[in-house]
$ cat data-v3.csv   # CSV, C-alpha atoms
chain,number,residue,atom,x,y,z
A,965,MET,CA,-18.2,7.9,-27.0
A,966,PRO,CA,-15.7,5.2,-26.1
A,967,THR,CA,-13.4,6.1,-23.3
A,968,ILE,CA,-10.0,5.0,-21.9
A,969,PRO,CA,-10.1,4.6,-18.1
A,970,SER,CA,-7.1,4.7,-15.7
A,971,PRO,CA,-6.4,1.2,-14.4
A,972,LEU,CA,-4.9,2.6,-11.1
A,973,PRO,CA,-4.8,5.7,-8.9
A,974,GLY,CA,-2.0,8.3,-9.3
A,975,THR,CA,-1.1,11.4,-11.1
A,976,PHE,CA,-1.9,11.7,-14.8
A,977,TYR,CA,0.4,13.1,-17.5
A,978,ILE,CA,-0.5,13.7,-21.1
A,979,ARG,CA,3.1,14.2,-22.2
A,980,PRO,CA,6.1,11.8,-22.2
A,981,ASP,CA,8.2,14.5,-20.6
A,982,PRO,CA,7.7,18.2,-19.8
A,983,GLY,CA,9.4,19.4,-23.0
A,984,SER,CA,7.3,17.3,-25.4
A,985,GLY,CA,3.8,17.7,-26.8
A,986,PRO,CA,0.9,15.5,-25.8
A,987,PHE,CA,0.9,11.8,-26.7
A,988,LYS,CA,-2.3,12.4,-28.8
A,989,ASN,CA,-4.0,15.4,-30.3
A,990,THR,CA,-7.6,15.7,-31.5
A,991,GLY,CA,-8.0,13.9,-34.8
A,992,ASP,CA,-5.0,11.5,-34.3
A,993,ALA,CA,-5.5,7.9,-35.1
A,994,VAL,CA,-5.4,5.6,-32.0
A,995,ALA,CA,-4.5,2.0,-32.5
A,996,ILE,CA,-4.8,-0.8,-29.9
A,997,GLY,CA,-1.7,-0.6,-27.8
A,998,ASP,CA,-1.0,3.1,-28.4
A,999,THR,CA,0.2,5.0,-25.3
A,1000,ILE,CA,-2.1,7.9,-24.6
A,1001,GLY,CA,-0.6,9.1,-21.3
A,1002,LEU,CA,1.3,8.2,-18.1
A,1003,VAL,CA,0.1,7.6,-14.6
A,1004,GLU,CA,2.7,8.1,-11.9
A,1005,VAL,CA,2.5,6.2,-8.6
A,1006,MET,CA,5.1,4.9,-6.1
A,1007,LYS,CA,7.9,6.5,-8.1
A,1008,THR,CA,6.9,4.6,-11.2
A,1009,PHE,CA,5.5,5.9,-14.5
A,1010,ILE,CA,2.9,3.5,-16.0
A,1011,GLU,CA,2.1,3.9,-19.7
A,1012,ILE,CA,-1.6,3.9,-20.3
A,1013,LYS,CA,-2.3,2.0,-23.5
A,1014,SER,CA,-5.5,2.1,-25.4
A,1015,GLU,CA,-7.4,-1.2,-25.6
A,1016,ILE,CA,-9.6,0.2,-28.4
A,1017,ALA,CA,-8.9,1.7,-31.8
A,1018,GLY,CA,-10.5,5.0,-33.1
A,1019,THR,CA,-9.8,8.7,-33.5
A,1020,PHE,CA,-8.6,10.7,-30.6
A,1021,ALA,CA,-11.2,13.2,-29.4
A,1022,SER,CA,-9.9,14.8,-26.2
A,1023,TYR,CA,-8.4,14.2,-22.8
A,1024,SER,CA,-11.0,13.9,-20.1
A,1025,ALA,CA,-8.5,14.3,-17.2
A,1026,GLU,CA,-6.2,17.3,-16.9
A,1027,ASP,CA,-2.4,17.1,-17.2
A,1028,SER,CA,-0.7,16.6,-13.8
A,1029,ALA,CA,-4.0,16.0,-12.1
A,1030,PRO,CA,-4.8,13.3,-9.5
A,1031,VAL,CA,-6.8,10.4,-10.9
A,1032,THR,CA,-8.6,7.4,-9.4
A,1033,ALA,CA,-8.8,3.9,-10.8
A,1034,GLY,CA,-11.6,3.6,-13.3
A,1035,GLN,CA,-11.7,7.4,-14.0
A,1036,ASP,CA,-11.8,8.3,-17.7
A,1037,LEU,CA,-8.6,9.7,-19.0
A,1038,ALA,CA,-9.5,10.3,-22.7
A,1039,GLU,CA,-12.3,10.0,-25.2
A,1040,LEU,CA,-12.2,8.6,-28.7
A,1041,GLY,CA,-14.5,9.7,-31.5
A,1042,ASP,CA,-15.7,7.8,-34.5
B,507,MET,CA,0.7,-27.1,-7.1
B,508,THR,CA,1.8,-23.8,-8.5
B,509,LEU,CA,0.3,-20.4,-9.3
B,510,LYS,CA,1.2,-19.3,-12.8
B,511,ILE,CA,1.5,-15.5,-12.9
B,512,ILE,CA,0.0,-14.5,-16.3
B,513,ASN,CA,0.4,-10.8,-15.4
B,514,HIS,CA,1.9,-9.4,-12.2
B,515,GLY,CA,-0.1,-6.2,-12.1
B,516,LEU,CA,1.8,-3.1,-10.8
B,517,SER,CA,3.6,-4.4,-7.7
B,518,THR,CA,2.7,-7.8,-6.3
B,519,SER,CA,4.8,-9.3,-3.6
B,520,ILE,CA,4.9,-12.3,-1.3
B,521,GLN,CA,4.3,-11.2,2.3
B,522,ASP,CA,3.6,-12.9,5.6
B,523,LEU,CA,3.9,-11.2,9.1
B,524,GLY,CA,7.5,-10.3,8.5
B,525,ARG,CA,10.9,-10.9,10.1
B,526,PRO,CA,11.0,-8.9,13.4
B,527,GLY,CA,14.2,-9.2,15.4
B,528,TYR,CA,16.8,-7.9,12.9
B,529,PHE,CA,16.0,-4.1,12.8
B,530,HIS,CA,19.0,-3.3,15.0
B,531,LEU,CA,21.1,-4.8,12.2
B,532,GLY,CA,19.4,-2.7,9.6
B,533,ILE,CA,17.1,-5.4,8.3
B,534,PRO,CA,13.5,-4.1,8.3
B,535,ILE,CA,10.6,-6.1,9.7
B,536,SER,CA,8.9,-6.2,6.2
B,537,GLY,CA,5.7,-8.2,6.0
B,538,ALA,CA,2.1,-7.2,5.1
B,539,MET,CA,1.4,-3.5,5.3
B,540,ASP,CA,-2.1,-4.4,6.4
B,541,ARG,CA,-1.5,-7.3,8.7
B,542,PHE,CA,-5.2,-7.5,9.8
B,543,SER,CA,-6.3,-8.1,6.2
B,544,LEU,CA,-3.5,-10.7,5.7
B,545,ARG,CA,-4.6,-12.6,8.8
B,546,ALA,CA,-8.2,-12.5,7.8
B,547,ALA,CA,-7.4,-13.9,4.3
B,548,ASN,CA,-5.4,-16.7,5.8
B,549,LEU,CA,-8.1,-17.6,8.4
B,550,LEU,CA,-10.8,-17.6,5.6
B,551,VAL,CA,-8.9,-20.3,3.7
B,552,GLY,CA,-8.0,-22.4,6.7
B,553,ASN,CA,-4.3,-21.4,6.8
B,554,PRO,CA,-2.2,-20.5,9.9
B,555,GLU,CA,-2.8,-16.7,10.2
B,556,GLY,CA,0.8,-15.8,9.4
B,557,ALA,CA,1.0,-17.9,6.2
B,558,ALA,CA,2.5,-16.2,3.1
B,559,CYS,CA,0.0,-14.4,0.8
B,560,LEU,CA,0.3,-12.2,-2.2
B,561,GLU,CA,0.1,-8.4,-1.4
B,562,VAL,CA,-1.3,-6.6,-4.4
B,563,VAL,CA,-1.0,-2.9,-4.8
B,564,PHE,CA,-3.6,-0.8,-6.8
B,565,LEU,CA,-3.7,-3.1,-9.8
B,566,GLY,CA,-4.6,-6.8,-9.7
B,567,PRO,CA,-2.6,-9.6,-11.1
B,568,LYS,CA,-3.9,-12.4,-13.4
B,569,ILE,CA,-3.1,-15.9,-12.0
B,570,GLU,CA,-3.8,-19.4,-13.4
B,571,PHE,CA,-4.2,-22.2,-10.9
B,572,THR,CA,-2.7,-25.6,-11.7
B,573,ARG,CA,-4.8,-27.4,-9.0
B,574,ASP,CA,-8.0,-26.9,-7.1
B,575,ALA,CA,-7.7,-24.5,-4.2
B,576,ILE,CA,-9.6,-22.4,-1.7
B,577,VAL,CA,-8.9,-18.7,-2.1
B,578,ALA,CA,-9.8,-15.5,-0.3
B,579,VAL,CA,-9.1,-11.8,-1.2
B,580,THR,CA,-9.3,-9.2,1.6
B,581,GLY,CA,-8.1,-5.6,2.2
B,582,ALA,CA,-8.8,-3.2,-0.6
B,583,ASP,CA,-12.0,-3.3,-2.6
B,584,LEU,CA,-10.5,-4.8,-5.7
B,585,PRO,CA,-13.3,-6.7,-7.4
B,586,VAL,CA,-12.4,-10.4,-7.8
B,587,LYS,CA,-13.2,-12.7,-10.8
B,588,VAL,CA,-12.7,-16.4,-11.5
B,589,ASP,CA,-12.8,-17.1,-15.2
B,590,GLY,CA,-14.5,-13.7,-15.6
B,591,GLU,CA,-17.2,-14.4,-13.0
B,592,PRO,CA,-17.4,-12.1,-10.0
B,593,ARG,CA,-16.6,-13.4,-6.5
B,594,ASP,CA,-17.0,-11.6,-3.1
B,595,GLY,CA,-14.1,-10.1,-1.3
B,596,TRP,CA,-13.6,-11.0,2.4
B,597,ALA,CA,-15.0,-14.5,1.6
B,598,SER,CA,-13.5,-17.9,0.7
B,599,PHE,CA,-14.3,-19.5,-2.7
B,600,GLN,CA,-13.1,-22.4,-4.8
B,601,VAL,CA,-10.8,-22.0,-7.8
B,602,LYS,CA,-10.5,-25.2,-9.9
B,603,ALA,CA,-7.4,-26.4,-11.8
B,604,GLY,CA,-7.1,-24.4,-15.0
B,605,GLN,CA,-9.2,-21.5,-13.8
B,606,VAL,CA,-7.9,-17.9,-13.9
B,607,LEU,CA,-8.1,-15.4,-11.0
B,608,SER,CA,-8.3,-11.8,-12.2
B,609,PHE,CA,-9.5,-8.4,-11.0
B,610,ASP,CA,-11.4,-5.3,-12.0
B,611,PHE,CA,-10.3,-1.8,-11.3
B,612,LEU,CA,-9.7,-0.8,-7.7
B,613,LYS,CA,-12.7,0.7,-6.0
B,614,SER,CA,-11.3,1.7,-2.7
B,615,GLY,CA,-8.3,1.0,-0.4
B,616,ALA,CA,-4.8,0.3,-1.8
B,617,ARG,CA,-3.7,-3.2,-1.0
B,618,ALA,CA,-5.5,-6.5,-1.4
B,619,TYR,CA,-4.3,-9.8,0.1
B,620,ILE,CA,-4.7,-13.1,-1.8
B,621,ALA,CA,-4.6,-16.2,0.4
B,622,VAL,CA,-4.5,-19.6,-1.1
B,623,SER,CA,-5.1,-22.7,1.0
B,624,GLY,CA,-1.7,-24.2,1.8
B,625,GLY,CA,0.0,-20.8,1.7
B,626,ILE,CA,2.7,-19.6,-0.7
B,627,ASP,CA,5.6,-22.0,-0.1
B,628,THR,CA,8.7,-20.2,-1.4
B,629,LYS,CA,12.0,-20.5,0.6
B,630,PRO,CA,12.0,-18.4,3.8
B,631,ALA,CA,14.9,-16.0,4.6
B,632,LEU,CA,15.6,-15.2,8.3
B,633,GLY,CA,12.4,-16.9,9.3
B,634,SER,CA,10.0,-15.2,6.8
B,635,ARG,CA,8.9,-15.4,3.2
B,636,SER,CA,8.2,-11.6,3.1
B,637,THR,CA,9.9,-9.8,0.2
B,638,TYR,CA,12.5,-7.2,0.9
B,639,PRO,CA,13.8,-6.4,-2.6
B,640,ILE,CA,16.5,-3.9,-1.6
B,641,GLY,CA,18.1,-6.6,0.5
B,642,ALA,CA,17.2,-9.4,-1.9
B,643,LEU,CA,15.5,-11.3,1.0
B,644,GLY,CA,12.5,-13.6,0.8
B,645,GLY,CA,9.9,-13.3,-2.1
B,646,VAL,CA,10.9,-14.9,-5.4
B,647,ASN,CA,14.7,-15.1,-5.1
B,648,GLY,CA,14.7,-11.9,-3.3
B,649,ARG,CA,12.4,-10.0,-5.6
B,650,ASN,CA,8.7,-9.2,-6.2
B,651,VAL,CA,6.4,-11.5,-8.2
B,652,GLU,CA,6.9,-11.1,-12.0
B,653,THR,CA,4.9,-12.2,-15.1
B,654,GLY,CA,5.9,-15.8,-16.0
B,655,ASP,CA,6.7,-16.8,-12.4
B,656,GLU,CA,5.3,-20.1,-11.1
B,657,LEU,CA,4.8,-19.9,-7.3
B,658,PRO,CA,4.8,-23.0,-5.2
B,659,VAL,CA,1.9,-23.6,-2.8
B,660,GLY,CA,2.0,-25.7,0.3
B,661,THR,CA,-0.3,-28.6,1.1
B,662,ALA,CA,-3.7,-27.5,2.2
B,663,SER,CA,-5.2,-28.7,5.4
B,664,ASN,CA,-8.8,-27.7,6.1
B,665,GLY,CA,-9.9,-24.8,4.0
B,666,LYS,CA,-13.5,-24.6,2.8
B,667,ALA,CA,-15.5,-22.3,0.5
B,668,GLY,CA,-18.3,-20.0,1.7
B,669,GLN,CA,-16.6,-18.5,4.8
B,670,GLN,CA,-17.1,-14.8,5.2
B,671,VAL,CA,-15.9,-11.8,7.3
B,672,ALA,CA,-18.9,-9.6,8.1
B,673,PRO,CA,-18.4,-5.9,7.3
B,674,ALA,CA,-18.5,-5.0,11.0
B,675,LEU,CA,-15.5,-7.3,11.7
B,676,ARG,CA,-13.3,-5.7,9.0
B,677,ARG,CA,-10.8,-2.9,9.9
B,678,LEU,CA,-10.3,-0.2,7.2
B,679,PRO,CA,-9.6,3.5,7.4
B,680,ASP,CA,-12.2,6.2,7.3
B,681,ASN,CA,-12.1,9.0,4.6
B,682,PRO,CA,-10.5,11.3,5.6
B,683,ALA,CA,-8.3,8.7,7.4
B,684,ARG,CA,-7.5,9.5,11.1
B,685,LEU,CA,-4.0,8.4,12.1
B,686,ARG,CA,-3.2,8.7,15.8
B,687,VAL,CA,0.2,10.0,16.7
B,688,LEU,CA,2.2,9.7,19.9
B,689,PRO,CA,4.6,12.7,20.1
B,690,GLY,CA,8.2,11.5,20.6
B,691,LEU,CA,11.7,12.3,21.7
B,692,TYR,CA,12.3,15.2,19.4
B,693,TRP,CA,8.9,17.0,19.8
B,694,HIS,CA,10.7,19.8,21.6
B,695,ARG,CA,12.4,20.8,18.3
B,696,LEU,CA,9.1,22.2,17.0
B,697,THR,CA,7.7,25.6,17.9
B,698,GLU,CA,4.3,25.5,19.8
B,699,ALA,CA,2.6,27.0,16.7
B,700,ALA,CA,4.1,24.3,14.4
B,701,GLY,CA,3.0,21.6,16.8
B,702,HIS,CA,-0.6,22.8,16.6
B,703,ALA,CA,-0.4,23.2,12.8
B,704,PHE,CA,0.7,19.7,12.3
B,705,PHE,CA,-2.5,18.4,13.9
B,706,ASP,CA,-4.8,21.1,12.6
B,707,ASP,CA,-3.9,20.8,8.9
B,708,GLU,CA,-5.3,18.3,6.5
B,709,TRP,CA,-2.6,16.4,4.7
B,710,LYS,CA,-2.8,14.3,1.5
B,711,VAL,CA,-1.0,11.1,0.6
B,712,ALA,CA,1.8,11.8,-1.9
B,713,PRO,CA,2.1,9.6,-5.0
B,714,GLU,CA,5.6,8.5,-3.9
B,715,ALA,CA,4.2,6.6,-0.9
B,716,ASP,CA,5.4,3.0,-0.8
B,717,ARG,CA,6.4,0.1,1.5
B,718,MET,CA,9.4,2.0,2.9
B,719,GLY,CA,7.6,5.1,3.8
B,720,TYR,CA,4.3,7.0,3.3
B,721,ARG,CA,4.9,10.6,2.4
B,722,PHE,CA,2.3,13.3,3.0
B,723,ARG,CA,2.0,16.8,1.7
B,724,GLY,CA,-0.4,19.8,1.8
B,725,GLY,CA,0.0,20.9,5.4
B,726,ARG,CA,2.0,23.9,6.6
B,727,ALA,CA,5.8,23.6,6.7
B,728,LEU,CA,7.1,23.0,10.3
B,729,GLU,CA,8.9,25.7,12.2
B,730,PHE,CA,11.8,24.7,14.5
B,731,VAL,CA,13.1,26.1,17.7
B,732,ASP,CA,16.5,27.9,17.1
B,733,ARG,CA,19.5,25.9,18.2
B,734,GLU,CA,23.2,25.6,18.0
B,735,PRO,CA,23.6,22.5,15.7
B,736,PRO,CA,25.1,19.7,17.8
B,737,PHE,CA,28.4,18.2,16.5
B,738,GLY,CA,27.6,15.9,13.5
B,739,ALA,CA,24.0,17.0,13.1
B,740,GLY,CA,24.4,19.5,10.2
B,741,ALA,CA,22.9,22.9,9.8
B,742,ASP,CA,19.4,21.9,8.7
B,743,PRO,CA,17.0,22.3,11.6
B,744,SER,CA,15.3,18.9,10.8
B,745,ASN,CA,18.7,17.1,11.2
B,746,ILE,CA,19.8,15.3,14.4
B,747,VAL,CA,22.9,13.4,15.3
B,748,ASP,CA,22.1,10.0,13.8
B,749,GLY,CA,19.6,8.0,15.8
B,750,CYS,CA,17.4,5.0,15.6
B,751,TYR,CA,14.1,5.0,13.8
B,752,SER,CA,11.1,3.0,14.9
B,753,TYR,CA,8.3,1.4,12.8
B,754,GLY,CA,5.7,4.1,12.4
B,755,SER,CA,8.1,7.0,13.3
B,756,ILE,CA,7.4,10.3,11.4
B,757,GLN,CA,10.4,12.1,10.0
B,758,VAL,CA,10.1,15.5,8.2
B,759,PRO,CA,13.1,16.2,6.1
B,760,GLY,CA,13.6,19.9,5.7
B,761,GLY,CA,10.4,20.4,7.8
B,762,SER,CA,8.1,20.2,4.7
B,763,GLU,CA,6.7,16.7,4.1
B,764,PRO,CA,6.1,14.2,6.8
B,765,ILE,CA,7.2,10.6,6.0
B,766,VAL,CA,5.8,7.7,8.1
B,767,LEU,CA,8.3,4.8,8.1
B,768,HIS,CA,6.6,1.5,7.3
B,769,ARG,CA,7.4,-2.2,6.9
B,770,ASP,CA,10.5,-1.9,4.6
B,771,ALA,CA,12.0,1.3,6.2
B,772,VAL,CA,15.5,2.0,7.1
B,773,SER,CA,16.3,1.6,10.8
B,774,GLY,CA,18.2,4.8,11.5
B,775,GLY,CA,19.5,8.1,10.2
B,776,GLY,CA,19.9,11.8,10.7
B,777,TYR,CA,16.4,13.2,10.6
B,778,PHE,CA,14.4,14.2,13.7
B,779,THR,CA,11.2,12.2,14.2
B,780,LEU,CA,8.3,14.2,15.7
B,781,GLY,CA,6.6,11.1,17.0
B,782,ALA,CA,5.2,7.8,15.8
B,783,ILE,CA,1.9,6.6,14.4
B,784,ILE,CA,0.5,4.2,17.0
B,785,SER,CA,0.8,0.5,16.2
B,786,ALA,CA,-3.0,0.1,16.1
B,787,ASP,CA,-3.3,2.5,13.1
B,788,MET,CA,-0.3,1.3,11.0
B,789,ASP,CA,-2.5,-1.2,9.0
B,790,PHE,CA,-4.7,1.7,7.9
B,791,ILE,CA,-1.8,3.4,6.2
B,792,GLY,CA,-1.4,0.4,3.9
B,793,GLN,CA,-4.9,1.1,2.6
B,794,LEU,CA,-4.3,4.7,1.7
B,795,GLN,CA,-4.4,5.7,-2.0
B,796,PRO,CA,-2.4,8.7,-3.4
B,797,HIS,CA,-4.1,12.1,-2.9
B,798,MET,CA,-6.3,10.7,-0.1
B,799,PRO,CA,-6.9,13.2,2.8
B,800,VAL,CA,-5.5,12.4,6.2
B,801,LYS,CA,-5.7,14.0,9.6
B,802,PHE,CA,-3.1,13.3,12.3
B,803,VAL,CA,-4.6,13.0,15.7
B,804,LYS,CA,-2.6,13.5,18.9
B,805,VAL,CA,-2.8,10.8,21.6
B,806,ASP,CA,-0.9,10.1,24.8
B,807,MET,CA,0.6,6.7,25.9
B,808,ALA,CA,-2.6,5.7,27.7
B,809,GLY,CA,-4.6,6.4,24.5
B,810,ALA,CA,-2.1,4.5,22.4
B,811,LEU,CA,-2.3,1.4,24.7
B,812,ALA,CA,-6.1,1.5,24.8
B,813,ALA,CA,-6.2,1.6,21.0
B,814,ARG,CA,-3.8,-1.4,20.9
B,815,GLY,CA,-6.2,-3.3,23.2
B,816,GLU,CA,-9.1,-2.5,20.9
B,817,ARG,CA,-7.2,-3.8,18.0
B,818,ARG,CA,-6.4,-7.0,19.8
B,819,THR,CA,-10.1,-7.4,20.6
B,820,ALA,CA,-11.0,-6.9,17.0
B,821,LEU,CA,-8.5,-9.6,16.0
B,822,GLN,CA,-9.9,-11.9,18.6
B,823,ARG,CA,-13.4,-11.4,17.3
B,824,LEU,CA,-12.2,-12.2,13.8
B,825,ARG,CA,-10.5,-15.4,15.0
B,826,GLU,CA,-13.7,-16.5,16.8
B,827,ALA,CA,-15.9,-15.7,13.8
B,828,LEU,CA,-13.7,-17.9,11.6
B,829,ALA,CA,-12.9,-20.7,14.0

$ encode --input "data-v3.csv" --output "C-alpha cells"
Amino acid sequence: MPTIPSPLPGTFYIRPDPGSGPFKNTGDAVAIGDTIGLVEVMKTFIEIKSEIAGTFASYSAEDSAPVTAGQDLAELGD
Amino acid sequence: MTLKIINHGLSTSIQDLGRPGYFHLGIPISGAMDRFSLRAANLLVGNPEGAACLEVVFLGPKIEFTRDAIVAVTGADLPVKVDGEPRDGWASFQVKAGQVLSFDFLKSGARAYIAVSGGIDTKPALGSRSTYPIGALGGVNGRNVETGDELPVGTASNGKAGQQVAPALRRLPDNPARLRVLPGLYWHRLTEAAGHAFFDDEWKVAPEADRMGYRFRGGRALEFVDREPPFGAGADPSNIVDGCYSYGSIQVPGGSEPIVLHRDAVSGGGYFTLGAIISADMDFIGQLQPHMPVKFVKVDMAGALAARGERRTALQRLREALA
C-alpha cells in the first residue's frame, strides 16, 4: 500500500489541536497537498502534506509519538 | 554567481565560525553548531576553512546553481543529489550552471554543511557572516535563508572535484551520545544523590532543541541543598543572583530539564549552571536529533584539556589529508 513518510524527525500529531479530531479518518479521500498530520521540531509545527492521492487507510505512527525522517506516518488504500 | 534557493527546507542559515569577542555585550558567538564539519566542507572545496557555508537542519533545501562550482556536503548523513543523481557526502563534486542540488530524507545526524567554492559572500556583520536572527545580524539581511533568495558566492580559487574525507577522519557522536561535563561554580547547590543521578541517568534530546540551547529530558529531577535565598535570587532553588553564562554551560530551570547553551545562546541570567559541556564535545550536540539518547560523563579539567588536544589533533589530520 502507498505510504506517506515523515520528511524530518520530531514528534508526530494526527490532530490540528488537542480539541479536534484527526486530520483524516479511514475511508476519507486524500488529494495531493492534503495535510495528514503535523511534526513538531524546534518549536515549529510542520504540516505533513500528501504527495499522492487515494483513500485514507490508517495512521502508521501513533499520535504524539517520536518519529524519524523517512518513517511511515500513514497508509493509503486503493 | 548566485545560488537560487528553490526551497529552503526547514531551517537553512548562513554560518561561518562565528563572531567571538562580543559575548560580554550580549551578542552570542553564533557560527556553525558543528564547526568540524563546516571546516571539512570548506577544505574539500578549496575554501579557507572559516568561509561561510549553509547550515541545513533535518530537511535539505533545493538550490539551483547559476555557474559551475565545486560543492561538498558534510556533517549529517543527508543524501545529496545533483539533478536527481546521487553524490557522496564528505566529498567534493562539480555542479554545473543550471543544475539543481537537492537531498533525500535525513538518515542520521542533524545538521549538514554545504560548502561552495568561493564561499557564500553576503555582507559580514561584526566580522562574521553567521546568522543571528534575534539580533538581525549576518545571514540574509539578518535572517535565515528563504525560498526565493539569491545568495552571492565569492570568486573560487583552487577547488577540485574528487576530494574525500575518509570515515576515520570524521568526527560524529556515538549513539547513545556521550557528552563530557566539567562540573562548575554552582555544583555545590546539588545534593550528592542528585549529582550522581545526573550522570547515571539516560537523557533524551527534547524536540525544542535549537541553536540557542539543547534541552534534554528523561532523567530524574535535581534535588538542591537547602539555602536561604540570597538577595535578588528568588525563591526557586535553581535561581541565582544573575551571573554570566558560558558557551556549553548547563542550566536546569526548576531542576527538571537540563539545557546546554549553544552558539546563539544568551550570555547571562538567573539560573544556576551545574557545569559545562567541554569544548571538544560541543560539535557533537549539533548532530543530535530529537529523542536521541544521551549520557553525560563527568570529567575533570585535565580530562577536558586532554580532549581538547585530541580534537586539535583530529583537525590537524583533516587539514593534512586535504592539503

$ interface_residues --input "data-v3.csv" --of "chain A" --to "chain B" --cutoff "6 Å" --atoms "all atoms listed in the file" --output "list in words"
Pro971, Leu972, Gly974, Val1005, Met1006, Lys1007, Ala1033 and Gly1034 of chain A

$ closest_residue --input "data-v3.csv" --among "A:Pro982, A:Tyr977, A:Thr967, A:Thr990" --to "Ala1017 in chain A" --atoms "all atoms listed in the file"
A:Thr967

$ closest_residue --input "data-v3.csv" --among "B:Trp596, B:Val577, B:Asp522, B:Arg814" --to "Leu675 in chain B" --atoms "only C-alpha atoms"
B:Trp596

$ axis_aligned_box --input "data-v3.csv" --around "range 1019-1027 of chain A" --padding-each-side "6 Å" --output "lines of an AutoDock Vina configuration file"
center_x = -6.8
center_y = 13.0
center_z = -25.2
size_x = 20.8
size_y = 20.6
size_z = 28.6

$ residues_around --input "data-v3.csv" --residues "Gln670 in chain B" --least-positions-apart "2" --cutoff "8 Å" --atoms "all atoms listed in the file" --output "mmCIF file with C-alpha atoms, in the frame of the given file"
data_model
loop_
_atom_site.group_PDB
_atom_site.id
_atom_site.type_symbol
_atom_site.label_atom_id
_atom_site.label_comp_id
_atom_site.auth_asym_id
_atom_site.auth_seq_id
_atom_site.Cartn_x
_atom_site.Cartn_y
_atom_site.Cartn_z
ATOM 1 C CA LEU B 550 -10.800 -17.600 5.600
ATOM 2 C CA TRP B 596 -13.600 -11.000 2.400
ATOM 3 C CA ALA B 597 -15.000 -14.500 1.600
ATOM 4 C CA SER B 598 -13.500 -17.900 0.700
ATOM 5 C CA GLY B 668 -18.300 -20.000 1.700
ATOM 6 C CA ALA B 672 -18.900 -9.600 8.100
ATOM 7 C CA LEU B 828 -13.700 -17.900 11.600
#

$ atom_distance --input "data-v3.csv" --atom1 "CA of Arg545 in chain B" --atom2 "CA of Cys559 in chain B"
9.4 Å

$ residues_around --input "data-v3.csv" --residues "Ala621 in chain B" --least-positions-apart "5" --cutoff "12 Å" --atoms "all atoms listed in the file" --output "MDAnalysis selection string"
chainID B and resid 509 520:522 543:562 575:581 595:601 607 626:627 659:660 662 665

$ closest_residue --input "data-v3.csv" --among "A:Thr1008, A:Phe976, A:Ile968, A:Tyr1023" --to "Ile996 in chain A" --atoms "only C-alpha atoms"
A:Ile968

$ residues_around --input "data-v3.csv" --residues "Val766 in chain B" --least-positions-apart "6" --cutoff "6 Å" --atoms "only C-alpha atoms" --output "compact mmCIF listing (two decimals) with C-alpha atoms, in the coordinates of the input"
# COMPACT_ATOMS: atom_id res chain seq x y z
CA GLY B 719 7.60 5.10 3.80
CA TYR B 720 4.30 7.00 3.30
CA GLY B 754 5.70 4.10 12.40
CA SER B 755 8.10 7.00 13.30
CA ILE B 756 7.40 10.30 11.40

$ atom_distance --input "data-v3.csv" --atom1 "CA of Asn681 in chain B" --atom2 "CA of Ala1038 in chain A"
27.5 Å

$ closest_residue --input "data-v3.csv" --among "A:Phe1009, A:Val1031, A:Gly1018, A:Glu1039" --to "Asp981 in chain A" --atoms "all atoms listed in the file"
A:Phe1009

$ residues_around --input "data-v3.csv" --residues "Tyr777 in chain B" --least-positions-apart "4" --cutoff "7 Å" --atoms "all atoms listed in the file" --output "PyMOL selection string"
chain B and resi 744-746+757+759

$ residues_around --input "data-v3.csv" --residues "range 696-710 of chain B" --least-positions-apart "4" --cutoff "6 Å" --atoms "only C-alpha atoms" --output "VMD selection string"
chain B and resid 722 to 725 728 to 731 797 to 802

$ atom_distance --input "data-v3.csv" --atom1 "CA of Gly1041 in chain A" --atom2 "CA of Pro966 in chain A"
7.1 Å

$ closest_residue --input "data-v3.csv" --among "A:Glu1011, A:Pro973, A:Glu1026, A:Pro980" --to "Arg617 in chain B" --atoms "only C-alpha atoms"
A:Pro973

$ closest_residue --input "data-v3.csv" --among "B:Ile512, B:Ile535, B:Leu821, B:Ala813" --to "Tyr753 in chain B" --atoms "all atoms listed in the file"
B:Ile535
